[in-house]
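Visitor: Please find one structure pasted underneath; my questions will follow.
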Amino acid sequence: MASRRFLLPAVLVSTLAVVMPLASARAQGAAPGTAPAASVLERRSFVADAVRRAGPAVVTIDTERTVTVSGMGAWPRGLFADPFFRQFFGMPQTQPPSQRTERGQGSGVIFQGDGLILTNAHVVEKTDRVMVGLRDGRRVEGKVVGIDPITDLAVVRLGPGGPWPVATLGNSDGLQVGDWAIAVGNPFGLDNTVTLGIISSLNRNVSKLGIADKRLDLIQTDAAINPGNSGGPLLNADGEVVGINAIVRTGPGAGLGFAIPINRARAVAKELVATGRVSHAMIGLALGQASADSDGRPLSGALVAAVTPGGPAELAGIRPGDRVVAAAGAPVRVPADLIEQVEKQGVGRTMTLEVVRDGRSLTVQVTPVELKLPRS
């Protein structure tokens, strides 16, 4: 059944490309198959045109890394699995650690003529080698320019061997629910796979998907996205890249896919190329969703669950139990709204928060600092 799910959209695309010209030819009284070549091209599916524009810039990313495997429990079953016999024969209780090579695969898209590729951080992080495969058959070693785990984005630079095909980046702020969505990538190692759907929702906060360590508002689509699509482009009907495919939903809700808006990806890529890293702001709060007051009336805002000792929020006088209802002049309805405003404000720029405490409204000034990621 799984193979049918990811092959079906490709079949539909092929059907559109072939049937539409034939139907048009019949309508004009021409015999099937006699339409001039130019006429067939004019009536080609918009999906085929979009893929023709962007497809050559979609790449396969193969990665390798060496990991150390503990020797605990490495002895085979049978006589020598018994610790007593290993001790009797003077054999060590465990085998020494060994190393093995792990391989992974994902997708990416070339967005600059000098060979810069956008992909997901989880595709290339902690890798020893990155090989990039192009549609024209070239395989080139890539170098990771920078990785941002917070947005799950990375930039890879191709080695010598250009010129390179380049995809056009669109404007994700102009998307509307119901717009066409075309996913291109290499699911399950099947390169150059195309699937078709629509934009199902916008601004879907990643925390609603049970992922707490990212800062993203995602594009939701029903275009099939499967393992291996990660890092590939989500296209609009004009063949412009409007998102970077990132998350495949499994279990309940399987069939939903999520992509990082290209406007966010473009900004992150610019910073990664310039400095190799991305600076994220924080004010030192653990947040929850405000629910209802004592009378059962629903409340909006970000409820402060905990405050980081010595952090900007504590220095500003914010306490657990406070409810943040506005930040930098923008309403805060859910915790993601506050995180977004802190991120927009940036490190070192003081911002105003409107806080409700014990029924009273307060205004506080807080200055974000840089978020320090734990060392891996």
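In the structure tokens, chains take letters A, B, ... by order of appearance, with residues numbered from 1 within each chain and ligands from 1 in the order shown.
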Distance table requested - range 189-269 of chain A against range 143-149 of chain A, cut-off 10 Å, only C-alpha atoms: one row per qualifying residue with the closest atom pair and its distance in Å to one decimal, ordered by chain and rising residue number, as a Markdown table.

Guide:
| residue | atom | partner | partner_atom | distance |
| --- | --- | --- | --- | --- |
| A:Asp213 | CA | A:Pro149 | CA | 8.5 |
| A:Lys214 | CA | A:Pro149 | CA | 7.4 |
| A:Arg215 | CA | A:Pro149 | CA | 9.4 |
| A:Val268 | CA | A:Asp148 | CA | 7.9 |
| A:Ala269 | CA | A:Gly146 | CA | 8.4 |

Visitor: Any chance you could export the current selection's N, CA, C and O atoms as a compact mmCIF listing (two decimals), in the first residue's frame?

Guide:
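Done, and the output landed in again17.txt:
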# COMPACT_ATOMS: atom_id res chain seq x y z
N ASP A 213 11.75 22.05 20.17
CA ASP A 213 13.07 22.69 20.10
C ASP A 213 13.29 23.45 18.80
O ASP A 213 14.42 23.78 18.45
N LYS A 214 12.22 23.75 18.05
CA LYS A 214 12.34 24.50 16.80
C LYS A 214 11.52 25.78 16.90
O LYS A 214 10.57 25.87 17.68
N ARG A 215 11.89 26.75 16.07
CA ARG A 215 11.12 28.00 15.98
C ARG A 215 10.67 28.17 14.53
O ARG A 215 11.40 28.71 13.70
N VAL A 268 17.51 32.94 6.67
CA VAL A 268 18.44 32.09 7.40
C VAL A 268 19.65 31.76 6.54
O VAL A 268 20.80 31.80 6.99
N ALA A 269 19.41 31.45 5.26
CA ALA A 269 20.51 31.12 4.35
C ALA A 269 21.48 32.29 4.21
O ALA A 269 22.70 32.09 4.17

Visitor: Might you pull out every residue within 8 Å of range 163-166 of chain A, with only C-alpha atoms counted and same-chain residues fewer than 5 positions away left off, and present them as an NGL selection string?

Guide: :A and (54 or 56-57 or 109-115)

Visitor: How would the residues just picked look written out with N, CA and C atoms as an mmCIF file, in the first residue's frame?

Guide:
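The new file result.cif reads:
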data_model
loop_
_atom_site.group_PDB
_atom_site.id
_atom_site.type_symbol
_atom_site.label_atom_id
_atom_site.label_comp_id
_atom_site.auth_asym_id
_atom_site.auth_seq_id
_atom_site.Cartn_x
_atom_site.Cartn_y
_atom_site.Cartn_z
ATOM 1 N N ALA A 54 12.034 24.199 -12.464
ATOM 2 C CA ALA A 54 12.779 24.040 -11.209
ATOM 3 C C ALA A 54 13.488 22.699 -11.070
ATOM 4 N N PRO A 56 15.653 20.713 -12.682
ATOM 5 C CA PRO A 56 17.099 20.499 -12.808
ATOM 6 C C PRO A 56 17.901 20.966 -11.599
ATOM 7 N N ALA A 57 17.344 21.898 -10.811
ATOM 8 C CA ALA A 57 18.066 22.422 -9.646
ATOM 9 C C ALA A 57 17.814 21.604 -8.382
ATOM 10 N N VAL A 109 17.948 21.956 -2.933
ATOM 11 C CA VAL A 109 17.673 22.741 -4.135
ATOM 12 C C VAL A 109 18.747 23.811 -4.262
ATOM 13 N N ILE A 110 19.311 23.934 -5.468
ATOM 14 C CA ILE A 110 20.328 24.949 -5.744
ATOM 15 C C ILE A 110 19.629 26.292 -5.919
ATOM 16 N N PHE A 111 20.028 27.275 -5.106
ATOM 17 C CA PHE A 111 19.337 28.565 -5.149
ATOM 18 C C PHE A 111 20.243 29.705 -5.586
ATOM 19 N N GLN A 112 21.541 29.431 -5.809
ATOM 20 C CA GLN A 112 22.449 30.448 -6.334
ATOM 21 C C GLN A 112 23.372 29.821 -7.372
ATOM 22 N N GLY A 113 23.771 30.641 -8.347
ATOM 23 C CA GLY A 113 24.578 30.140 -9.437
ATOM 24 C C GLY A 113 25.971 29.699 -9.042
ATOM 25 N N ASP A 114 26.447 30.125 -7.854
ATOM 26 C CA ASP A 114 27.768 29.704 -7.413
ATOM 27 C C ASP A 114 27.729 28.365 -6.679
ATOM 28 N N GLY A 115 26.581 27.652 -6.785
ATOM 29 C CA GLY A 115 26.509 26.296 -6.247
ATOM 30 C C GLY A 115 26.062 26.192 -4.812
#

Visitor: Apply DSSP to the structure's backbone, then extract all residues of range 101-316 of chain A labelled strand (DSSP E) and return them as an NGL selection string.

Guide: :A and (101-112 or 116-119 or 129-133 or 139-148 or 153-158 or 180-185 or 193-205 or 217-221 or 233-235 or 241-248 or 257-261 or 281-282 or 285-289 or 302-307)

Visitor: Find the nearest atom pair between each residue of range 220-312 of chain A and range 341-360 of chain A for residues within 12 Å, count only C-alpha atoms, give distances in Å to one decimal, sort rows by chain and ascending number, and present the table as JSON lines.

Guide:
{"residue": "A:Arg264", "atom": "CA", "partner": "A:Lys344", "partner_atom": "CA", "distance": 11.3}
{"residue": "A:Ala267", "atom": "CA", "partner": "A:Lys344", "partner_atom": "CA", "distance": 11.7}
{"residue": "A:Val278", "atom": "CA", "partner": "A:Gly346", "partner_atom": "CA", "distance": 11.2}
{"residue": "A:Ser279", "atom": "CA", "partner": "A:Val347", "partner_atom": "CA", "distance": 7.8}
{"residue": "A:His280", "atom": "CA", "partner": "A:Glu343", "partner_atom": "CA", "distance": 6.3}
{"residue": "A:Ala281", "atom": "CA", "partner": "A:Val347", "partner_atom": "CA", "distance": 5.1}
{"residue": "A:Met282", "atom": "CA", "partner": "A:Val342", "partner_atom": "CA", "distance": 6.6}
{"residue": "A:Ile283", "atom": "CA", "partner": "A:Val342", "partner_atom": "CA", "distance": 7.6}
{"residue": "A:Gly284", "atom": "CA", "partner": "A:Val342", "partner_atom": "CA", "distance": 10.7}
{"residue": "A:Leu285", "atom": "CA", "partner": "A:Val342", "partner_atom": "CA", "distance": 11.1}
{"residue": "A:Ala290", "atom": "CA", "partner": "A:Val356", "partner_atom": "CA", "distance": 11.2}
{"residue": "A:Asp293", "atom": "CA", "partner": "A:Gly359", "partner_atom": "CA", "distance": 9.8}
{"residue": "A:Ser294", "atom": "CA", "partner": "A:Gly359", "partner_atom": "CA", "distance": 10.9}
{"residue": "A:Leu299", "atom": "CA", "partner": "A:Val356", "partner_atom": "CA", "distance": 11.0}
{"residue": "A:Ser300", "atom": "CA", "partner": "A:Val356", "partner_atom": "CA", "distance": 10.9}
{"residue": "A:Gly301", "atom": "CA", "partner": "A:Val355", "partner_atom": "CA", "distance": 9.1}
{"residue": "A:Ala302", "atom": "CA", "partner": "A:Val355", "partner_atom": "CA", "distance": 9.4}
{"residue": "A:Leu303", "atom": "CA", "partner": "A:Val356", "partner_atom": "CA", "distance": 9.5}
{"residue": "A:Val304", "atom": "CA", "partner": "A:Val355", "partner_atom": "CA", "distance": 9.9}
{"residue": "A:Pro312", "atom": "CA", "partner": "A:Thr350", "partner_atom": "CA", "distance": 10.0}

Visitor: Just asking: which residues within range 58-203 of chain A are helix (DSSP H, G or I) according to DSSP, as a VMD selection string?

Guide: chain A and resid 79 to 81 83 to 88 121 to 124 172 to 174 187 to 189

Visitor: My list of candidates is A:Leu175, A:Ala274, A:Ala50, A:Val130. Which is closest to Arg103 in chain A when distances are computed with only C-alpha atoms?

Guide: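 The answer is A:Val130, which sits nearest to Arg103 in chain A.
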
Visitor: Can you tell me how far CA of Val273 in chain A sits from CA of Thr151 in chain A, in Å to one decimal?

Guide: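 The value is 15.1 Å.
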
Visitor: Write out as a JSON list (two decimals) with all heavy atoms, in the first residue's frame the residues lying within 10 Å of Gly317 in chain A, counting only C-alpha atoms and excluding same-chain residues fewer than 6 positions away.

Guide:
[["chain", "number", "residue", "atom", "x", "y", "z"],
["A", 307, "VAL", "N", 10.52, 31.04, 34.92],
["A", 307, "VAL", "CA", 11.40, 32.13, 34.52],
["A", 307, "VAL", "C", 12.84, 31.70, 34.75],
["A", 307, "VAL", "O", 13.18, 31.18, 35.82],
["A", 307, "VAL", "CB", 11.10, 33.41, 35.31],
["A", 307, "VAL", "CG1", 12.00, 34.55, 34.87],
["A", 307, "VAL", "CG2", 9.63, 33.80, 35.15],
["A", 364, "VAL", "N", 6.13, 46.17, 30.85],
["A", 364, "VAL", "CA", 7.52, 45.96, 31.24],
["A", 364, "VAL", "C", 8.41, 46.06, 30.01],
["A", 364, "VAL", "O", 7.96, 45.82, 28.87],
["A", 364, "VAL", "CB", 7.73, 44.59, 31.92],
["A", 364, "VAL", "CG1", 6.88, 44.49, 33.19],
["A", 364, "VAL", "CG2", 7.39, 43.45, 30.98],
["A", 365, "GLN", "N", 9.66, 46.42, 30.23],
["A", 365, "GLN", "CA", 10.67, 46.50, 29.18],
["A", 365, "GLN", "C", 11.65, 45.35, 29.36],
["A", 365, "GLN", "O", 12.17, 45.13, 30.45],
["A", 365, "GLN", "CB", 11.42, 47.83, 29.25],
["A", 365, "GLN", "CG", 10.54, 49.07, 29.15],
["A", 365, "GLN", "CD", 9.92, 49.23, 27.79],
["A", 365, "GLN", "OE1", 10.59, 49.07, 26.77],
["A", 365, "GLN", "NE2", 8.64, 49.56, 27.75],
["A", 366, "VAL", "N", 11.89, 44.62, 28.27],
["A", 366, "VAL", "CA", 12.79, 43.48, 28.35],
["A", 366, "VAL", "C", 13.73, 43.51, 27.14],
["A", 366, "VAL", "O", 13.32, 43.89, 26.04],
["A", 366, "VAL", "CB", 12.00, 42.14, 28.39],
["A", 366, "VAL", "CG1", 11.15, 41.96, 27.16],
["A", 366, "VAL", "CG2", 12.91, 40.97, 28.59]]

Visitor: Contacts of range 226-239 of chain A at 8 Å or less, counting only C-alpha atoms, minus same-chain residues fewer than 4 places along, as a CSV table (one decimal) with all heavy atoms, in the first residue's frame?

Guide:
chain,number,residue,atom,x,y,z
A,6,PHE,N,2.8,6.8,-2.8
A,6,PHE,CA,3.7,7.8,-3.3
A,6,PHE,C,3.9,7.8,-4.8
A,6,PHE,O,4.4,8.7,-5.4
A,6,PHE,CB,5.1,7.8,-2.6
A,6,PHE,CG,6.0,6.6,-2.8
A,6,PHE,CD1,6.7,6.4,-4.0
A,6,PHE,CD2,6.1,5.6,-1.9
A,6,PHE,CE1,7.5,5.3,-4.2
A,6,PHE,CE2,6.9,4.5,-2.1
A,6,PHE,CZ,7.6,4.4,-3.2
A,46,PHE,N,0.3,22.5,-16.3
A,46,PHE,CA,1.1,23.5,-15.6
A,46,PHE,C,2.1,22.8,-14.6
A,46,PHE,O,3.2,23.4,-14.3
A,46,PHE,CB,0.2,24.4,-14.8
A,46,PHE,CG,-0.4,23.8,-13.5
A,46,PHE,CD1,0.3,23.9,-12.3
A,46,PHE,CD2,-1.6,23.2,-13.6
A,46,PHE,CE1,-0.3,23.4,-11.2
A,46,PHE,CE2,-2.1,22.6,-12.4
A,46,PHE,CZ,-1.5,22.7,-11.2
A,47,VAL,N,1.8,21.6,-14.2
A,47,VAL,CA,2.7,20.9,-13.3
A,47,VAL,C,4.0,20.6,-14.0
A,47,VAL,O,5.1,20.7,-13.6
A,47,VAL,CB,2.1,19.6,-12.7
A,47,VAL,CG1,3.1,18.9,-11.8
A,47,VAL,CG2,0.8,19.9,-12.0
A,49,ASP,N,5.2,22.1,-16.6
A,49,ASP,CA,6.0,23.3,-16.8
A,49,ASP,C,6.7,23.8,-15.6
A,49,ASP,O,7.9,24.2,-15.7
A,49,ASP,CB,5.0,24.4,-17.3
A,49,ASP,CG,4.5,24.2,-18.7
A,49,ASP,OD1,5.2,23.5,-19.5
A,49,ASP,OD2,3.4,24.8,-19.0
A,50,ALA,N,6.1,23.7,-14.4
A,50,ALA,CA,6.7,24.1,-13.2
A,50,ALA,C,7.9,23.2,-12.9
A,50,ALA,O,9.0,23.7,-12.5
A,50,ALA,CB,5.7,24.0,-12.0
A,51,VAL,N,7.8,21.9,-13.1
A,51,VAL,CA,8.9,21.0,-12.8
A,51,VAL,C,10.0,21.2,-13.9
A,51,VAL,O,11.2,21.0,-13.5
A,51,VAL,CB,8.4,19.5,-12.9
A,51,VAL,CG1,9.5,18.5,-12.7
A,51,VAL,CG2,7.4,19.3,-11.7
A,52,ARG,N,9.6,21.5,-15.1
A,52,ARG,CA,10.7,21.7,-16.1
A,52,ARG,C,11.5,22.9,-15.7
A,52,ARG,O,12.7,22.9,-15.9
A,52,ARG,CB,10.0,22.0,-17.5
A,52,ARG,CG,10.9,22.4,-18.6
A,52,ARG,CD,10.2,22.6,-19.9
A,52,ARG,NE,9.1,23.5,-19.8
A,52,ARG,CZ,9.3,24.9,-19.8
A,52,ARG,NH1,10.5,25.4,-19.9
A,52,ARG,NH2,8.2,25.7,-19.7
A,53,ARG,N,10.9,24.0,-15.1
A,53,ARG,CA,11.7,25.1,-14.7
A,53,ARG,C,12.6,24.8,-13.5
A,53,ARG,O,13.8,25.2,-13.5
A,53,ARG,CB,10.7,26.3,-14.3
A,53,ARG,CG,9.9,26.8,-15.5
A,53,ARG,CD,9.1,28.0,-15.1
A,53,ARG,NE,8.2,28.4,-16.1
A,53,ARG,CZ,6.9,28.2,-16.1
A,53,ARG,NH1,6.3,27.5,-15.0
A,53,ARG,NH2,6.1,28.5,-17.0
A,54,ALA,N,12.0,24.2,-12.5
A,54,ALA,CA,12.8,24.0,-11.2
A,54,ALA,C,13.5,22.7,-11.1
A,54,ALA,O,14.5,22.6,-10.3
A,54,ALA,CB,11.8,24.2,-10.0
A,58,VAL,N,16.9,20.6,-8.5
A,58,VAL,CA,16.7,19.7,-7.3
A,58,VAL,C,17.7,18.6,-7.3
A,58,VAL,O,18.0,18.0,-8.3
A,58,VAL,CB,15.3,19.1,-7.4
A,58,VAL,CG1,15.0,18.2,-6.2
A,58,VAL,CG2,14.2,20.2,-7.5
A,59,VAL,N,18.3,18.4,-6.1
A,59,VAL,CA,19.5,17.5,-6.0
A,59,VAL,C,19.2,16.4,-5.0
A,59,VAL,O,18.4,16.6,-4.1
A,59,VAL,CB,20.8,18.2,-5.7
A,59,VAL,CG1,21.1,19.3,-6.7
A,59,VAL,CG2,20.7,18.9,-4.3
A,105,GLN,N,20.2,9.9,3.4
A,105,GLN,CA,19.9,10.5,2.1
A,105,GLN,C,18.7,11.6,2.3
A,105,GLN,O,17.8,11.4,3.1
A,105,GLN,CB,19.4,9.5,1.1
A,105,GLN,CG,19.3,10.1,-0.3
A,105,GLN,CD,19.0,9.0,-1.3
A,105,GLN,OE1,17.9,8.5,-1.4
A,105,GLN,NE2,20.0,8.6,-2.1
A,106,GLY,N,18.8,12.6,1.6
A,106,GLY,CA,17.8,13.7,1.6
A,106,GLY,C,17.8,14.4,0.2
A,106,GLY,O,18.4,13.9,-0.8
A,107,SER,N,17.2,15.5,0.2
A,107,SER,CA,17.1,16.3,-1.0
A,107,SER,C,17.5,17.8,-0.7
A,107,SER,O,17.8,18.2,0.4
A,107,SER,CB,15.6,16.4,-1.5
A,107,SER,OG,15.1,15.0,-1.7
A,108,GLY,N,17.7,18.5,-1.8
A,108,GLY,CA,18.1,19.9,-1.6
A,108,GLY,C,17.7,20.6,-2.9
A,108,GLY,O,17.3,20.0,-3.9
A,109,VAL,N,17.9,22.0,-2.9
A,109,VAL,CA,17.7,22.7,-4.1
A,109,VAL,C,18.7,23.8,-4.3
A,109,VAL,O,19.1,24.5,-3.3
A,109,VAL,CB,16.3,23.4,-4.1
A,109,VAL,CG1,16.1,24.3,-2.9
A,109,VAL,CG2,15.9,24.1,-5.4
A,118,LEU,N,20.1,24.9,-0.6
A,118,LEU,CA,19.3,24.9,0.6
A,118,LEU,C,18.8,23.5,0.9
A,118,LEU,O,18.4,22.8,0.0
A,118,LEU,CB,18.1,25.8,0.5
A,118,LEU,CG,18.2,27.2,1.1
A,118,LEU,CD1,17.0,28.0,0.7
A,118,LEU,CD2,18.2,27.1,2.6
A,119,THR,N,18.9,23.1,2.2
A,119,THR,CA,18.4,21.8,2.6
A,119,THR,C,18.0,21.8,4.1
A,119,THR,O,18.1,22.9,4.7
A,119,THR,CB,19.4,20.7,2.3
A,119,THR,OG1,18.8,19.4,2.6
A,119,THR,CG2,20.7,20.8,3.1
A,120,ASN,N,17.7,20.7,4.7
A,120,ASN,CA,17.4,20.7,6.1
A,120,ASN,C,18.6,20.4,6.9
A,120,ASN,O,19.6,19.7,6.5
A,120,ASN,CB,16.4,19.6,6.4
A,120,ASN,CG,15.0,19.8,5.9
A,120,ASN,OD1,14.3,19.0,5.5
A,120,ASN,ND2,14.6,21.1,6.0
A,123,VAL,N,19.4,16.8,7.6
A,123,VAL,CA,19.9,16.0,6.5
A,123,VAL,C,21.4,15.9,6.6
A,123,VAL,O,22.0,14.9,6.3
A,123,VAL,CB,19.5,16.5,5.1
A,123,VAL,CG1,20.2,15.9,4.0
A,123,VAL,CG2,17.9,16.4,5.0
A,168,THR,N,14.2,29.3,-9.0
A,168,THR,CA,13.8,30.7,-8.7
A,168,THR,C,13.1,30.6,-7.3
A,168,THR,O,12.2,29.8,-7.1
A,168,THR,CB,12.8,31.3,-9.7
A,168,THR,OG1,13.5,31.3,-11.0
A,168,THR,CG2,12.4,32.7,-9.4
A,179,ASP,N,-4.0,27.2,-2.8
A,179,ASP,CA,-3.0,27.3,-3.9
A,179,ASP,C,-2.4,26.0,-4.2
A,179,ASP,O,-2.3,25.1,-3.3
A,179,ASP,CB,-1.9,28.3,-3.5
A,179,ASP,CG,-2.3,29.7,-3.6
A,179,ASP,OD1,-3.4,30.0,-4.1
A,179,ASP,OD2,-1.5,30.6,-3.1
A,180,TRP,N,-2.0,25.8,-5.4
A,180,TRP,CA,-1.4,24.5,-5.8
A,180,TRP,C,0.0,24.4,-5.1
A,180,TRP,O,0.7,25.4,-4.9
A,180,TRP,CB,-1.1,24.5,-7.3
A,180,TRP,CG,-2.4,24.3,-8.2
A,180,TRP,CD1,-3.0,25.2,-9.0
A,180,TRP,CD2,-3.2,23.1,-8.2
A,180,TRP,NE1,-4.1,24.7,-9.6
A,180,TRP,CE2,-4.2,23.4,-9.1
A,180,TRP,CE3,-3.1,21.8,-7.7
A,180,TRP,CZ2,-5.2,22.4,-9.5
A,180,TRP,CZ3,-4.1,20.9,-8.0
A,180,TRP,CH2,-5.1,21.2,-8.9
A,181,ALA,N,0.3,23.1,-4.8
A,181,ALA,CA,1.6,22.8,-4.2
A,181,ALA,C,2.2,21.6,-4.8
A,181,ALA,O,1.6,20.6,-5.0
A,181,ALA,CB,1.5,22.6,-2.7
A,182,ILE,N,3.5,21.8,-5.3
A,182,ILE,CA,4.2,20.7,-6.0
A,182,ILE,C,5.5,20.4,-5.2
A,182,ILE,O,6.3,21.2,-5.0
A,182,ILE,CB,4.5,21.1,-7.4
A,182,ILE,CG1,3.3,21.6,-8.2
A,182,ILE,CG2,5.2,20.0,-8.2
A,182,ILE,CD1,3.6,22.4,-9.4
A,183,ALA,N,5.5,19.1,-4.7
A,183,ALA,CA,6.7,18.7,-4.0
A,183,ALA,C,7.7,17.9,-4.9
A,183,ALA,O,7.2,17.0,-5.6
A,183,ALA,CB,6.4,17.8,-2.8
A,184,VAL,N,8.9,18.3,-4.9
A,184,VAL,CA,9.9,17.6,-5.7
A,184,VAL,C,11.0,17.1,-4.8
A,184,VAL,O,11.5,17.8,-4.0
A,184,VAL,CB,10.5,18.5,-6.8
A,184,VAL,CG1,11.4,17.7,-7.8
A,184,VAL,CG2,9.4,19.2,-7.6
A,185,GLY,N,11.5,15.9,-5.0
A,185,GLY,CA,12.5,15.3,-4.2
A,185,GLY,C,12.9,13.9,-4.5
A,185,GLY,O,12.6,13.4,-5.6
A,186,ASN,N,13.4,13.2,-3.5
A,186,ASN,CA,13.9,11.9,-3.7
A,186,ASN,C,13.4,10.9,-2.6
A,186,ASN,O,14.2,10.4,-1.8
A,186,ASN,CB,15.4,11.9,-3.7
A,186,ASN,CG,16.0,13.0,-4.6
A,186,ASN,OD1,15.9,12.8,-5.8
A,186,ASN,ND2,16.5,14.0,-4.0
A,187,PRO,N,12.1,10.8,-2.4
A,187,PRO,CA,11.5,9.9,-1.4
A,187,PRO,C,12.0,8.5,-1.6
A,187,PRO,O,11.9,7.9,-2.7
A,187,PRO,CB,10.0,10.1,-1.5
A,187,PRO,CG,9.8,10.5,-3.0
A,187,PRO,CD,11.0,11.3,-3.3
A,188,PHE,N,12.4,7.9,-0.5
A,188,PHE,CA,12.8,6.4,-0.5
A,188,PHE,C,13.8,6.2,-1.5
A,188,PHE,O,13.9,5.1,-2.0
A,188,PHE,CB,11.5,5.5,-0.7
A,188,PHE,CG,10.4,5.7,0.3
A,188,PHE,CD1,9.2,6.3,-0.1
A,188,PHE,CD2,10.6,5.3,1.6
A,188,PHE,CE1,8.2,6.5,0.9
A,188,PHE,CE2,9.6,5.5,2.5
A,188,PHE,CZ,8.4,6.0,2.2
A,189,GLY,N,14.7,7.2,-1.8
A,189,GLY,CA,15.7,7.0,-2.8
A,189,GLY,C,15.3,7.0,-4.2
A,189,GLY,O,16.1,6.8,-5.1
A,243,GLY,N,8.7,26.9,-0.5
A,243,GLY,CA,9.0,26.2,0.8
A,243,GLY,C,10.1,25.2,0.7
A,243,GLY,O,10.4,24.7,-0.4
A,244,ILE,N,10.7,24.8,1.8
A,244,ILE,CA,11.6,23.7,1.9
A,244,ILE,C,11.0,22.6,2.7
A,244,ILE,O,10.7,22.8,3.9
A,244,ILE,CB,12.9,24.2,2.6
A,244,ILE,CG1,13.6,25.3,1.8
A,244,ILE,CG2,13.9,23.0,2.7
A,244,ILE,CD1,14.0,24.9,0.4
A,245,ASN,N,10.7,21.5,2.1
A,245,ASN,CA,10.0,20.4,2.7
A,245,ASN,C,10.9,19.9,3.9
A,245,ASN,O,12.1,19.7,3.8
A,245,ASN,CB,9.8,19.2,1.7
A,245,ASN,CG,9.0,19.6,0.6
A,245,ASN,OD1,8.1,20.4,0.7
A,245,ASN,ND2,9.4,19.1,-0.6
A,246,ALA,N,10.2,19.7,5.1
A,246,ALA,CA,10.9,19.4,6.3
A,246,ALA,C,10.4,18.3,7.1
A,246,ALA,O,11.1,17.5,7.7
A,246,ALA,CB,10.9,20.7,7.1
A,247,ILE,N,9.0,18.2,7.2
A,247,ILE,CA,8.5,17.2,8.2
A,247,ILE,C,7.5,16.3,7.5
A,247,ILE,O,6.6,16.8,6.8
A,247,ILE,CB,7.8,18.0,9.4
A,247,ILE,CG1,8.8,18.8,10.1
A,247,ILE,CG2,7.1,17.0,10.3
A,247,ILE,CD1,8.2,19.7,11.2
A,248,VAL,N,7.6,15.1,7.8
A,248,VAL,CA,6.6,14.1,7.3
A,248,VAL,C,5.8,13.6,8.5
A,248,VAL,O,6.4,13.2,9.6
A,248,VAL,CB,7.3,12.8,6.7
A,248,VAL,CG1,6.3,11.8,6.2
A,248,VAL,CG2,8.2,13.3,5.6
A,259,ALA,N,6.3,22.3,5.3
A,259,ALA,CA,7.5,22.9,4.7
A,259,ALA,C,7.8,24.2,5.3
A,259,ALA,O,6.9,24.9,5.8
A,259,ALA,CB,7.2,23.1,3.2

Visitor: For each of A:Ala154, A:Thr101, A:Leu202, A:His122, take the minimum atom-to-atom distance to Lys270 in chain A, counting only C-alpha atoms, then give the residue where this is smallest.

Guide: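 Smallest distance to Lys270 in chain A is found for A:Ala154.
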
Visitor: CA of Ile150 in chain A to CA of Pro261 in chain A: how many Å, to one decimal?

Guide: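 Those two atoms sit 14.3 Å apart.
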
Visitor: I'd like the interatomic distance between CA of Pro320 in chain A and CA of Ala336 in chain A, to a tenth of an Å.

Guide: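 Pair CA of Pro320 in chain A / CA of Ala336 in chain A returns 17.6 Å.
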